[in-house]
file run_20.cif (mmCIF, C-alpha atoms and all ligand atoms)
data_query
loop_
_atom_site.label_atom_id
_atom_site.label_comp_id
_atom_site.auth_asym_id
_atom_site.auth_seq_id
_atom_site.Cartn_x
_atom_site.Cartn_y
_atom_site.Cartn_z
CA MET A 18 0.00 0.00 0.00
CA ALA A 19 2.85 2.35 0.89
CA SER A 20 4.41 1.75 -2.51
CA SER A 21 1.18 2.58 -4.35
CA GLN A 22 1.02 5.89 -2.45
CA GLN A 23 4.60 6.66 -3.38
CA ARG A 24 3.96 5.80 -7.02
CA LEU A 25 0.92 8.10 -7.05
CA ARG A 26 2.84 11.03 -5.58
CA LYS A 27 5.74 10.51 -7.97
CA ALA A 28 3.42 10.34 -10.96
CA ALA A 29 1.64 13.52 -9.81
CA GLN A 30 4.94 15.37 -9.67
CA GLY A 31 6.27 13.87 -12.88
CA GLY A 32 3.03 14.66 -14.76
CA ALA A 33 2.90 18.29 -13.71
CA GLY A 34 4.06 19.76 -17.03
CA ASP A 35 1.76 18.30 -19.69
CA GLY A 36 -0.24 15.90 -17.59
CA PHE A 37 -3.27 15.93 -15.32
CA ASP A 38 -3.93 15.25 -11.70
CA VAL A 39 -6.80 12.92 -12.62
CA VAL A 40 -7.99 11.38 -15.88
CA ILE A 41 -11.43 9.78 -15.87
CA VAL A 42 -12.33 7.53 -18.78
CA GLY A 43 -16.08 7.41 -19.49
CA ALA A 44 -18.54 10.24 -18.86
CA GLY A 45 -21.45 8.06 -17.79
CA LEU A 46 -23.08 7.94 -14.38
CA HIS A 47 -19.97 7.18 -12.33
CA GLY A 48 -17.43 9.13 -14.37
CA GLY A 49 -19.77 12.12 -14.57
CA LEU A 50 -20.63 12.27 -10.86
CA ILE A 51 -17.02 11.70 -9.80
CA ALA A 52 -15.88 14.52 -12.12
CA LEU A 53 -18.44 16.93 -10.63
CA ALA A 54 -17.45 15.99 -7.08
CA LEU A 55 -13.71 16.36 -7.75
CA LEU A 56 -14.05 19.76 -9.43
CA ASP A 57 -16.23 20.98 -6.59
CA ALA A 58 -13.74 19.80 -3.95
CA ASP A 59 -10.72 21.31 -5.72
CA PRO A 60 -11.46 23.98 -8.36
CA THR A 61 -7.78 24.08 -9.38
CA LEU A 62 -7.70 20.36 -10.16
CA ARG A 63 -6.24 19.44 -13.54
CA LEU A 64 -8.89 16.94 -14.58
CA ALA A 65 -9.59 15.30 -17.93
CA LEU A 66 -12.85 13.47 -18.55
CA VAL A 67 -12.59 11.41 -21.73
CA GLU A 68 -15.74 10.16 -23.44
CA ARG A 69 -16.04 7.99 -26.55
CA ASP A 70 -19.41 9.46 -27.61
CA ALA A 71 -19.98 12.95 -28.97
CA CYS A 72 -22.05 13.85 -25.88
CA PRO A 73 -21.50 12.96 -22.23
CA ALA A 74 -23.89 10.92 -20.09
CA GLY A 75 -25.58 8.69 -22.69
CA ASN A 76 -29.35 8.21 -22.77
CA HIS A 77 -30.64 7.14 -19.35
CA THR A 78 -32.91 8.07 -16.51
CA TRP A 79 -31.11 7.27 -13.26
CA CYS A 80 -33.43 6.91 -10.30
CA PHE A 81 -32.51 6.49 -6.67
CA HIS A 82 -33.89 6.91 -3.18
CA LEU A 83 -33.03 10.33 -1.80
CA ALA A 84 -31.65 8.62 1.30
CA ASP A 85 -28.99 7.05 -0.96
CA VAL A 86 -27.32 10.46 -1.15
CA PRO A 87 -24.51 10.45 1.44
CA ALA A 88 -24.92 12.98 4.24
CA ASP A 89 -21.44 14.36 3.47
CA VAL A 90 -21.96 14.74 -0.28
CA GLY A 91 -20.51 18.00 -1.61
CA ALA A 92 -22.42 21.14 -2.65
CA TRP A 93 -22.23 19.95 -6.29
CA PHE A 94 -25.09 17.53 -5.71
CA GLY A 95 -27.51 20.30 -4.72
CA ARG A 96 -26.89 21.99 -8.08
CA LEU A 97 -28.07 18.97 -10.08
CA PRO A 98 -31.66 19.29 -11.29
CA VAL A 99 -33.01 16.12 -9.70
CA SER A 100 -36.76 15.46 -10.03
CA HIS A 101 -38.18 14.11 -6.81
CA TRP A 102 -41.31 12.69 -5.21
CA PRO A 103 -42.28 11.96 -1.60
CA GLY A 104 -42.59 8.23 -2.30
CA TYR A 105 -43.87 5.72 -4.82
CA ARG A 106 -46.41 2.94 -5.28
CA VAL A 107 -46.04 -0.75 -6.00
CA ALA A 108 -48.83 -3.04 -7.17
CA PHE A 109 -49.09 -6.82 -7.30
CA PRO A 110 -52.15 -9.06 -7.74
CA GLY A 111 -54.07 -8.63 -4.47
CA PHE A 112 -51.57 -6.23 -2.85
CA GLU A 113 -50.76 -2.54 -3.31
CA ARG A 114 -48.68 -0.24 -1.18
CA GLU A 115 -47.65 3.38 -1.01
CA VAL A 116 -44.01 3.29 -0.07
CA GLY A 117 -43.15 6.51 1.76
CA LEU A 118 -39.49 6.63 0.79
CA PRO A 119 -38.55 9.85 -1.05
CA TYR A 120 -37.40 9.03 -4.55
CA GLY A 121 -35.68 11.01 -7.28
CA CYS A 122 -34.29 10.83 -10.77
CA LEU A 123 -31.51 12.40 -12.75
CA SER A 124 -31.71 12.43 -16.52
CA SER A 125 -28.75 12.06 -18.85
CA ALA A 126 -29.59 15.51 -20.28
CA ALA A 127 -29.36 17.06 -16.80
CA LEU A 128 -26.04 15.36 -16.04
CA ALA A 129 -24.66 16.37 -19.45
CA ALA A 130 -25.62 20.01 -18.88
CA ALA A 131 -24.07 19.99 -15.40
CA LEU A 132 -20.84 18.57 -16.81
CA GLN A 133 -20.64 21.09 -19.66
CA ALA A 134 -21.17 23.94 -17.17
CA ALA A 135 -18.62 22.62 -14.66
CA PHE A 136 -15.92 22.07 -17.28
CA ALA A 137 -16.54 25.49 -18.82
CA ALA A 138 -16.05 27.08 -15.39
CA HIS A 139 -12.75 25.33 -14.52
CA SER A 140 -9.76 26.35 -16.59
CA GLY A 141 -7.68 23.32 -15.59
CA ALA A 142 -10.38 20.86 -16.62
CA ARG A 143 -10.83 19.27 -20.06
CA LEU A 144 -13.92 17.46 -21.31
CA LEU A 145 -12.69 15.42 -24.26
CA LEU A 146 -15.65 14.18 -26.28
CA GLY A 147 -15.59 11.78 -29.21
CA CYS A 148 -12.31 10.31 -27.90
CA ALA A 149 -12.23 6.56 -27.40
CA VAL A 150 -9.59 5.32 -25.02
CA GLN A 151 -7.70 2.32 -26.27
CA ALA A 152 -5.52 1.43 -23.30
CA LEU A 153 -5.26 2.38 -19.65
CA GLU A 154 -2.44 2.10 -17.18
CA ALA A 155 -2.12 3.27 -13.60
CA HIS A 156 -0.84 6.70 -14.67
CA ALA A 157 -1.51 7.00 -18.41
CA VAL A 158 -4.21 6.46 -21.00
CA ARG A 159 -3.79 6.08 -24.74
CA LEU A 160 -6.49 7.50 -27.00
CA SER A 161 -7.42 5.84 -30.28
CA ASP A 162 -5.93 8.81 -32.19
CA GLY A 163 -2.55 7.97 -30.63
CA ARG A 164 -2.46 10.77 -28.04
CA GLN A 165 -1.32 9.85 -24.55
CA LEU A 166 -2.54 11.53 -21.36
CA ARG A 167 -0.59 11.18 -18.13
CA ALA A 168 -2.08 11.59 -14.66
CA ALA A 169 -1.43 10.94 -11.01
CA LEU A 170 -4.67 8.98 -10.91
CA VAL A 171 -6.46 7.22 -13.77
CA ILE A 172 -10.07 6.23 -13.18
CA ASP A 173 -11.68 3.68 -15.46
CA ALA A 174 -15.42 4.43 -15.65
CA ARG A 175 -16.19 2.73 -18.95
CA GLY A 176 -19.22 0.80 -17.65
CA GLY A 177 -19.84 -2.71 -18.97
CA GLY A 178 -18.02 -5.51 -17.23
CA THR A 179 -18.31 -9.25 -17.31
CA VAL A 180 -20.24 -11.29 -14.81
CA GLY A 181 -20.50 -14.96 -13.97
CA ALA A 182 -23.80 -16.84 -13.90
CA THR A 183 -26.55 -14.32 -14.32
CA GLY A 184 -30.11 -13.46 -15.11
CA TYR A 185 -31.03 -10.20 -16.82
CA GLN A 186 -33.19 -7.17 -16.20
CA LYS A 187 -34.35 -5.95 -19.60
CA PHE A 188 -36.02 -2.64 -20.21
CA LEU A 189 -37.53 -0.60 -22.94
CA GLY A 190 -38.84 2.79 -21.90
CA LEU A 191 -40.85 5.39 -23.80
CA GLU A 192 -40.98 8.96 -22.59
CA VAL A 193 -44.38 10.12 -23.79
CA GLU A 194 -46.46 13.24 -23.90
CA LEU A 195 -50.12 12.63 -23.07
CA ALA A 196 -53.20 14.37 -24.38
CA ALA A 197 -54.38 14.98 -20.79
CA ASP A 198 -52.96 14.85 -17.26
CA SER A 199 -52.00 11.34 -16.16
CA GLY A 200 -53.32 11.79 -12.61
CA LEU A 201 -50.16 10.18 -11.22
CA ASP A 202 -48.58 12.16 -8.40
CA ARG A 203 -45.72 9.75 -7.75
CA PRO A 204 -43.88 6.94 -9.53
CA LEU A 205 -45.33 3.50 -9.93
CA LEU A 206 -42.15 1.55 -9.27
CA MET A 207 -43.45 -1.89 -9.98
CA ASP A 208 -46.84 -2.64 -11.47
CA ALA A 209 -46.78 -6.42 -11.68
CA CYS A 210 -50.53 -6.70 -12.32
CA LEU A 211 -49.81 -7.85 -15.86
CA PRO A 212 -50.31 -11.25 -17.43
CA GLN A 213 -47.21 -13.17 -16.34
CA GLY A 214 -45.71 -15.74 -18.68
CA PRO A 215 -42.30 -17.06 -19.55
CA GLN A 216 -40.61 -14.04 -17.95
CA PHE A 217 -41.41 -11.95 -14.90
CA ARG A 218 -42.81 -8.67 -16.24
CA PHE A 219 -43.81 -5.35 -14.74
CA MET A 220 -44.30 -1.74 -15.76
CA TYR A 221 -42.37 1.13 -14.20
CA VAL A 222 -43.89 4.59 -14.59
CA LEU A 223 -42.31 7.94 -13.72
CA PRO A 224 -44.54 11.04 -13.82
CA LEU A 225 -41.98 13.59 -15.08
CA ALA A 226 -44.68 16.25 -15.53
CA PRO A 227 -48.50 16.17 -15.39
CA ARG A 228 -48.65 15.18 -19.08
CA ARG A 229 -45.25 13.57 -19.45
CA LEU A 230 -44.51 10.00 -18.38
CA LEU A 231 -41.60 7.62 -18.71
CA ILE A 232 -43.17 4.17 -19.06
CA GLU A 233 -40.72 1.28 -18.93
CA ASP A 234 -41.65 -2.26 -19.75
CA THR A 235 -39.31 -4.40 -17.65
CA ALA A 236 -38.68 -8.14 -17.64
CA PHE A 237 -36.49 -10.41 -15.52
CA ALA A 238 -35.33 -13.30 -17.66
CA ARG A 239 -32.56 -15.82 -18.16
CA THR A 240 -31.63 -14.54 -21.63
CA PRO A 241 -30.60 -11.01 -22.68
CA ASP A 242 -32.60 -10.73 -25.91
CA LEU A 243 -35.01 -7.78 -25.93
CA ASP A 244 -38.04 -7.86 -28.21
CA GLN A 245 -38.18 -4.12 -28.90
CA PRO A 246 -41.29 -3.98 -31.16
CA GLY A 247 -43.15 -6.22 -28.70
CA ARG A 248 -42.18 -4.01 -25.72
CA ARG A 249 -43.23 -0.82 -27.52
CA ALA A 250 -46.61 -2.36 -28.33
CA ALA A 251 -47.01 -3.54 -24.71
CA ILE A 252 -46.34 -0.02 -23.40
CA ARG A 253 -48.96 1.45 -25.73
CA ALA A 254 -51.50 -1.20 -24.68
CA TYR A 255 -50.73 -0.49 -21.00
CA ALA A 256 -51.17 3.26 -21.51
CA ASP A 257 -54.47 2.65 -23.33
CA ALA A 258 -55.71 0.41 -20.53
CA ARG A 259 -54.93 3.16 -17.99
CA GLY A 260 -56.76 5.77 -20.09
CA TRP A 261 -53.53 7.62 -21.00
CA ARG A 262 -53.76 8.78 -24.62
CA ILE A 263 -50.24 9.15 -26.03
CA ARG A 264 -49.89 12.28 -28.12
CA ALA A 265 -46.18 11.90 -28.91
CA VAL A 266 -43.21 9.72 -28.07
CA LEU A 267 -40.45 12.11 -27.02
CA ARG A 268 -37.62 9.68 -26.33
CA GLU A 269 -36.84 6.00 -26.07
CA GLU A 270 -34.31 4.22 -23.89
CA SER A 271 -33.52 0.58 -23.53
CA GLY A 272 -30.99 -1.63 -21.86
CA VAL A 273 -30.15 -5.04 -20.54
CA LEU A 274 -28.54 -5.29 -17.12
CA PRO A 275 -26.97 -8.43 -15.70
CA MET A 276 -28.46 -9.65 -12.41
CA PRO A 277 -25.77 -12.12 -11.38
CA TRP A 278 -25.94 -14.82 -8.74
CA ARG A 279 -22.29 -15.70 -9.16
CA ALA A 280 -19.69 -12.96 -9.55
CA LYS A 281 -16.49 -11.96 -7.85
CA PRO A 282 -15.53 -8.40 -8.64
CA ALA A 283 -11.95 -7.59 -7.67
CA ALA A 284 -10.93 -5.24 -4.85
CA PRO A 285 -9.82 -1.73 -5.93
CA THR A 286 -6.37 -1.39 -7.50
CA LEU A 287 -4.80 1.10 -9.91
CA PRO A 288 -5.97 2.14 -12.44
CA LEU A 289 -9.09 2.54 -10.40
CA LYS A 290 -12.09 0.73 -11.84
CA VAL A 291 -15.37 2.31 -10.78
CA GLY A 292 -18.92 1.91 -12.04
CA TYR A 293 -20.58 -1.18 -13.34
CA GLY A 294 -17.31 -2.60 -14.65
CA GLY A 295 -15.75 -2.40 -11.19
CA GLY A 296 -18.62 -4.21 -9.48
CA TRP A 297 -19.97 -0.99 -7.95
CA PHE A 298 -23.66 -1.72 -8.50
CA HIS A 299 -26.52 -3.44 -6.73
CA PRO A 300 -26.79 -6.92 -8.20
CA ALA A 301 -30.43 -7.37 -7.16
CA THR A 302 -31.87 -3.99 -8.20
CA GLY A 303 -29.55 -3.03 -11.07
CA TYR A 304 -29.24 0.47 -9.57
CA SER A 305 -25.78 1.91 -9.42
CA ALA A 306 -26.59 5.48 -8.38
CA PRO A 307 -26.10 4.71 -4.63
CA CYS A 308 -22.57 3.40 -5.33
CA ALA A 309 -21.78 6.27 -7.71
CA LEU A 310 -22.81 8.89 -5.15
CA ARG A 311 -20.80 7.17 -2.43
CA LEU A 312 -17.67 6.80 -4.58
CA ALA A 313 -17.88 10.40 -5.79
CA THR A 314 -18.03 11.56 -2.17
CA VAL A 315 -15.12 9.36 -1.07
CA LEU A 316 -12.92 10.27 -4.04
CA ALA A 317 -13.52 13.99 -3.62
CA ARG A 318 -11.78 13.64 -0.24
CA HIS A 319 -9.21 10.97 -0.99
CA TRP A 320 -8.23 11.19 -4.67
CA ARG A 321 -4.56 11.76 -3.79
CA ASP A 322 -4.42 8.44 -1.96
CA PRO A 323 -7.66 6.63 -2.78
CA LEU A 324 -6.92 2.97 -2.12
CA PRO A 325 -7.20 2.80 1.70
CA ALA A 326 -10.58 4.58 1.79
CA LEU A 327 -11.89 2.67 -1.20
CA ARG A 328 -10.83 -0.68 0.17
CA THR A 329 -12.76 0.07 3.36
CA GLU A 330 -15.80 0.94 1.20
CA TRP A 331 -15.21 -2.20 -0.81
CA ARG A 332 -15.26 -4.53 2.19
CA ARG A 333 -18.64 -3.09 3.18
CA HIS A 334 -19.91 -3.23 -0.39
CA ARG A 335 -18.76 -6.84 -0.90
CA ARG A 336 -20.92 -8.09 1.99
CA GLN A 337 -23.99 -6.37 0.59
CA PHE A 338 -23.13 -7.50 -2.94
CA ARG A 339 -23.13 -11.12 -1.74
CA LEU A 340 -26.59 -10.67 -0.28
CA GLY A 341 -27.77 -9.42 -3.69
CA LEU A 342 -26.20 -12.45 -5.39
CA LEU A 343 -27.97 -14.80 -3.00
CA LEU A 344 -31.35 -13.15 -3.57
CA ASN A 345 -30.86 -13.21 -7.35
CA GLY A 346 -30.01 -16.90 -7.17
CA LEU A 347 -33.20 -17.58 -5.23
CA ALA A 348 -35.42 -15.41 -7.42
CA PHE A 349 -34.11 -16.67 -10.75
CA ARG A 350 -33.49 -20.30 -9.89
CA ALA A 351 -36.13 -21.26 -7.33
CA PHE A 352 -39.22 -19.65 -8.89
CA ARG A 353 -40.96 -20.37 -12.13
CA PRO A 354 -41.11 -17.09 -14.07
CA GLU A 355 -44.87 -16.68 -13.77
CA LEU A 356 -44.58 -16.97 -9.96
CA MET A 357 -41.50 -14.79 -9.58
CA TRP A 358 -43.53 -11.77 -8.54
CA HIS A 359 -44.24 -13.37 -5.16
CA PRO A 360 -40.80 -12.70 -3.61
CA PHE A 361 -41.01 -9.07 -4.78
CA ALA A 362 -44.47 -8.68 -3.26
CA ARG A 363 -43.07 -10.12 -0.04
CA PHE A 364 -40.16 -7.67 -0.16
CA TYR A 365 -42.46 -4.67 -0.48
CA ARG A 366 -44.42 -5.76 2.61
CA LEU A 367 -41.28 -5.27 4.74
CA PRO A 368 -40.76 -2.22 6.99
CA LEU A 369 -39.74 0.96 5.17
CA GLY A 370 -36.33 1.04 6.87
CA THR A 371 -35.49 -2.45 5.61
CA ILE A 372 -36.55 -1.57 2.06
CA GLY A 373 -34.55 1.69 2.04
CA ARG A 374 -31.39 0.13 3.49
CA PHE A 375 -31.59 -2.73 1.02
CA TYR A 376 -31.68 -0.31 -1.93
CA ARG A 377 -28.72 1.65 -0.61
CA LEU A 378 -26.68 -1.47 0.11
CA GLN A 379 -26.69 -0.99 3.86
CA SER A 380 -28.83 -3.88 5.08
CA SER A 381 -28.31 -4.62 8.75
CA ALA A 382 -28.21 -8.11 10.27
CA SER A 383 -31.88 -7.84 11.27
CA ASP A 384 -32.77 -6.66 7.73
CA VAL A 385 -31.05 -9.75 6.37
CA ALA A 386 -33.04 -11.91 8.78
CA ARG A 387 -36.27 -10.22 7.63
CA LEU A 388 -35.32 -10.85 4.02
CA LEU A 389 -34.36 -14.49 4.41
CA VAL A 390 -36.07 -15.97 7.44
CA GLY A 391 -39.71 -16.98 7.72
CA ARG A 392 -42.27 -18.58 5.52
CA PRO A 393 -40.95 -18.62 1.93
CA PRO A 394 -42.99 -16.71 -0.64
CA ARG A 395 -45.53 -18.65 -2.66
CA GLY A 396 -43.95 -20.43 -5.58
CA PHE A 397 -40.64 -21.09 -3.81
CA GLY A 398 -39.16 -24.27 -5.27
CA SER A 399 -41.59 -24.31 -8.20
CA ALA A 400 -38.71 -24.16 -10.68
CA TRP A 401 -37.32 -27.41 -9.29
CA LEU A 402 -40.46 -29.49 -9.64
CA PRO A 403 -39.70 -32.33 -12.05
CA GLY A 404 -41.16 -31.87 -15.50
CA ARG A 405 -42.45 -28.38 -14.74
CA HIS A 406 -39.51 -26.35 -15.82
CA SER A 407 -37.50 -26.23 -19.00
CA PRO A 408 -34.85 -23.68 -19.93
CA GLU A 409 -37.05 -22.51 -22.83
CA ALA A 410 -39.61 -21.35 -20.31
CA TRP A 411 -37.22 -18.63 -19.21
CA ARG A 412 -36.76 -16.89 -22.53
C1 LIG A 501 -32.67 1.26 -19.22
C2 LIG A 501 -31.85 1.34 -17.95
C3 LIG A 501 -32.40 1.93 -16.81
C4 LIG A 501 -31.62 2.05 -15.64
N1 LIG A 501 -32.16 2.64 -14.55
C5 LIG A 501 -31.38 2.87 -13.49
C6 LIG A 501 -31.86 3.59 -12.37
O1 LIG A 501 -33.02 3.98 -12.35
N2 LIG A 501 -31.02 3.84 -11.34
C7 LIG A 501 -29.73 3.41 -11.35
O2 LIG A 501 -29.01 3.67 -10.38
N3 LIG A 501 -29.26 2.68 -12.37
C8 LIG A 501 -30.05 2.42 -13.43
N4 LIG A 501 -29.57 1.70 -14.48
C9 LIG A 501 -28.22 1.18 -14.39
C10 LIG A 501 -27.27 2.30 -14.73
O3 LIG A 501 -27.63 2.94 -15.92
C11 LIG A 501 -25.92 1.78 -14.93
O4 LIG A 501 -25.63 0.93 -13.89
C12 LIG A 501 -24.94 2.95 -14.90
O5 LIG A 501 -25.12 3.78 -16.03
C13 LIG A 501 -23.57 2.41 -14.85
O6 LIG A 501 -22.74 3.53 -14.74
P1 LIG A 501 -21.29 3.49 -15.34
O7 LIG A 501 -20.73 4.84 -15.13
O8 LIG A 501 -20.58 2.30 -14.85
O9 LIG A 501 -21.51 3.22 -16.90
P2 LIG A 501 -22.21 4.13 -17.99
O10 LIG A 501 -23.18 5.05 -17.39
O11 LIG A 501 -22.66 3.17 -19.04
O12 LIG A 501 -20.99 5.00 -18.55
C14 LIG A 501 -19.89 4.46 -19.24
C15 LIG A 501 -19.38 5.55 -20.19
O13 LIG A 501 -18.10 5.17 -20.68
C16 LIG A 501 -18.05 5.47 -22.06
N5 LIG A 501 -17.02 4.60 -22.67
C17 LIG A 501 -17.06 3.26 -22.81
N6 LIG A 501 -15.92 2.81 -23.39
C18 LIG A 501 -15.14 3.91 -23.60
C19 LIG A 501 -13.85 4.10 -24.15
N7 LIG A 501 -13.12 3.08 -24.62
N8 LIG A 501 -13.34 5.34 -24.21
C20 LIG A 501 -14.05 6.42 -23.72
N9 LIG A 501 -15.30 6.28 -23.20
C21 LIG A 501 -15.83 5.05 -23.13
C22 LIG A 501 -19.46 5.18 -22.56
O14 LIG A 501 -19.72 5.79 -23.81
C23 LIG A 501 -20.29 5.74 -21.40
O15 LIG A 501 -20.58 7.11 -21.58
C24 LIG A 501 -30.32 1.55 -15.63
C25 LIG A 501 -29.79 0.95 -16.77
C26 LIG A 501 -30.54 0.84 -17.92
C27 LIG A 501 -29.91 0.19 -19.13
#

call {"tool": "encode", "arguments": {"input": "run_20.cif", "output": "structure tokens", "more": "lines below"}}
Ligand SMILES: Cc1cc2nc3c(=O)[nH]c(=O)nc-3n(C[C@H](O)[C@H](O)[C@H](O)COP(=O)(O)OP(=O)(O)OC[C@H]3O[C@@H](n4cnc5c(N)ncnc54)[C@H](O)[C@@H]3O)c2cc1C
result
Amino acid sequence: MASSQQRLRKAAQGGAGDGFDVVIVGAGLHGGLIALALLDADPTLRLALVERDACPAGNHTWCFHLADVPADVGAWFGRLPVSHWPGYRVAFPGFEREVGLPYGCLSSAALAAALQAAFAAHSGARLLLGCAVQALEAHAVRLSDGRQLRAALVIDARGGGTVGATGYQKFLGLEVELAADSGLDRPLLMDACLPQGPQFRFMYVLPLAPRRLLIEDTAFARTPDLDQPGRRAAIRAYADARGWRIRAVLREESGVLPMPWRAKPAAPTLPLKVGYGGGWFHPATGYSAPCALRLATVLARHWRDPLPALRTEWRRHRRQFRLGLLLNGLAFRAFRPELMWHPFARFYRLPLGTIGRFYRLQSSASDVARLLVGRPPRGFGSAWLPGRHSPEAWR
């Protein structure tokens, strides 16, 4: 550990002429938030944020519970235009609940605008767009045009990442403008009152404005293929059934997230791998905003010598990550797809504190007991009944 600190200091001094203090590769959720936090903590920082695409931040809507935001987050967070609601609803056959946990979302457009403004305001900072990075080392990155950037700290925030045995969370979302007000005053996080078949399906609805909704058709399945035309049609049918007349589709987003039950992400080393690719996500919810906010806060304080603080974070994260793996294994492997909504309905009957801590990867021992002990949800073991389950059923 001492030697990595020495190497960092030496590289910082050696790179002073034409180099940077920090180079971040990838201006997605993690790279973007970390960049904002670092610039806020040290306005003189020589920071480069390198993004392959022509625009930063991609095409996402990142939601999170407001309690996921660390208490010691910097002032930068308050400047982000986050939409928020006092809670959300969930609905399952025979059970509905208003979950009073404040919830918010950050759009890619909002993060992109915040990044453009922050980089314009800091003379030592460079936002390099349309630059793919080909290779990374602890203190240097090579761009595909042959340029080399040197830095005391290189952060790899390229997303992606490989996982072991996994299921998938597949989404297609349409942001729509309605002909009349939707009547929704808060998100509908999981509406599982849909015909269930060979995959567990639910709708996720965010009321972004009285006449503007993001409706996401979501499925948990064993294969990553996403039937886009079918999902678009299902969203339109769902909107029709709710009496929401779609006047225009403003935007579409889609994605496939691994939900692993076997994975062993490595502890932090240099170059520093953050984000999805570094294992900094919640395996059972697919959210990575809680990790991104935490890492941004830690790195703003400790970027000069990040490994000790990050390894402490990592030990905590690894325990919670394992809980997520276990729950994914149970959900994907013990339940037939059409019965898989039962464990989720059981989860949303738990106390608010347990639900909130689970989302922010801070489950306590008694939360774990609440999650795992007691009468199993209906359908538990149904996937193992002889002759009642074939791999095709999971597609
Ligand atoms: C449809 C959908 C909905 C989601 N909803 C939520 C949610 O509500 N809440 C939540 O917390 N999470 C959500 N997630 C998960 C979340 O989007 C991802 O976990 C998160 O974006 C991962 O952040 P990241 O920074 O690791 O990667 P990304 O956000 O994917 O960023 C990686 C960036 O690196 C860039 N890049 C890649 N390779 C290179 C290269 N060689 N050179 C330069 N740049 C490169 C990419 O272009 C990209 O901009 C959702 C995911 C999807 C697909």

call {"tool": "closest_atom_pairs", "arguments": {"input": "run_20.cif", "of": "range 55-143 of chain A", "to": "range 262-270 of chain A", "cutoff": "9 Å", "atoms": "all atoms listed in the file", "output": "tab-separated table"}}
result
residue	atom	partner	partner_atom	distance
A:Asn76	CA	A:Glu270	CA	6.5
A:His77	CA	A:Glu270	CA	6.5
A:Thr78	CA	A:Glu270	CA	8.4

call {"tool": "residues_around", "arguments": {"input": "run_20.cif", "residues": "Leu160 in chain A", "least_positions_apart": "6", "cutoff": "8 Å", "atoms": "all atoms listed in the file", "output": "number ranges by chain"}}
result
A: 148-152, 166

call {"tool": "residues_near_ligand", "arguments": {"input": "run_20.cif", "ligand": "ligand LIG 501 (chain A)", "cutoff": "7 Å", "atoms": "only C-alpha atoms and all ligand atoms", "output": "PyMOL selection string"}}
result
chain A and resi 42-48+67-70+73-75+77-81+148-151+174-177+188-190+270-274+291-294+298+303-307

call {"tool": "residues_around", "arguments": {"input": "run_20.cif", "residues": "Trp261 in chain A", "least_positions_apart": "4", "cutoff": "8 Å", "atoms": "all atoms listed in the file", "output": "PyMOL selection string"}}
result
chain A and resi 195-197+199+256-257

call {"tool": "residues_around", "arguments": {"input": "run_20.cif", "residues": "Pro60 in chain A", "least_positions_apart": "6", "cutoff": "9 Å", "atoms": "all atoms listed in the file", "output": "PyMOL selection string"}}
result
chain A and resi 138-142

call {"tool": "write_last_selection", "arguments": {"input": "run_20.cif", "atoms": "C-alpha atoms", "output": "tab-separated table (two decimals), in the frame of the given file"}}
result
chain	number	residue	atom	x	y	z
A	138	ALA	CA	-16.05	27.08	-15.39
A	139	HIS	CA	-12.75	25.33	-14.52
A	140	SER	CA	-9.76	26.35	-16.59
A	141	GLY	CA	-7.68	23.32	-15.59
A	142	ALA	CA	-10.38	20.86	-16.62

call {"tool": "residues_around", "arguments": {"input": "run_20.cif", "residues": "Ala168 in chain A", "least_positions_apart": "3", "cutoff": "6 Å", "atoms": "only C-alpha atoms", "output": "number ranges by chain"}}
result
A: 32, 36-39, 156-157

call {"tool": "atom_distance", "arguments": {"input": "run_20.cif", "atom1": "CA of Gln213 in chain A", "atom2": "CA of Glu355 in chain A"}}
result
4.9 Å

call {"tool": "atom_distance", "arguments": {"input": "run_20.cif", "atom1": "CA of Leu231 in chain A", "atom2": "CA of Tyr365 in chain A"}}
result
22.0 Å

call {"tool": "closest_residue", "arguments": {"input": "run_20.cif", "among": "A:Trp93, A:Phe237, A:Phe338, A:Phe219", "to": "Ala135 in chain A", "atoms": "only C-alpha atoms"}}
result
A:Trp93

call {"tool": "build_atoms", "arguments": {"input": "run_20.cif", "residues": "range 306-310 of chain A", "atoms": "N, CA, C and O atoms", "output": "PDB file, keeping the file's coordinate frame"}}
result
ATOM      1  N   ALA A 306     -26.699   4.110  -8.899  1.00  0.00           N
ATOM      2  CA  ALA A 306     -26.590   5.480  -8.380  1.00  0.00           C
ATOM      3  C   ALA A 306     -26.115   5.514  -6.912  1.00  0.00           C
ATOM      4  O   ALA A 306     -25.274   6.349  -6.575  1.00  0.00           O
ATOM      5  N   PRO A 307     -26.595   4.629  -6.020  1.00  0.00           N
ATOM      6  CA  PRO A 307     -26.100   4.710  -4.630  1.00  0.00           C
ATOM      7  C   PRO A 307     -24.586   4.554  -4.557  1.00  0.00           C
ATOM      8  O   PRO A 307     -23.907   5.294  -3.831  1.00  0.00           O
ATOM      9  N   CYS A 308     -24.037   3.592  -5.332  1.00  0.00           N
ATOM     10  CA  CYS A 308     -22.570   3.400  -5.330  1.00  0.00           C
ATOM     11  C   CYS A 308     -21.880   4.617  -5.937  1.00  0.00           C
ATOM     12  O   CYS A 308     -20.837   5.070  -5.435  1.00  0.00           O
ATOM     13  N   ALA A 309     -22.435   5.142  -7.024  1.00  0.00           N
ATOM     14  CA  ALA A 309     -21.780   6.270  -7.710  1.00  0.00           C
ATOM     15  C   ALA A 309     -21.716   7.480  -6.789  1.00  0.00           C
ATOM     16  O   ALA A 309     -20.691   8.177  -6.718  1.00  0.00           O
ATOM     17  N   LEU A 310     -22.794   7.727  -6.056  1.00  0.00           N
ATOM     18  CA  LEU A 310     -22.810   8.890  -5.150  1.00  0.00           C
ATOM     19  C   LEU A 310     -21.803   8.696  -4.019  1.00  0.00           C
ATOM     20  O   LEU A 310     -21.114   9.633  -3.607  1.00  0.00           O
TER      21      LEU A 310
END
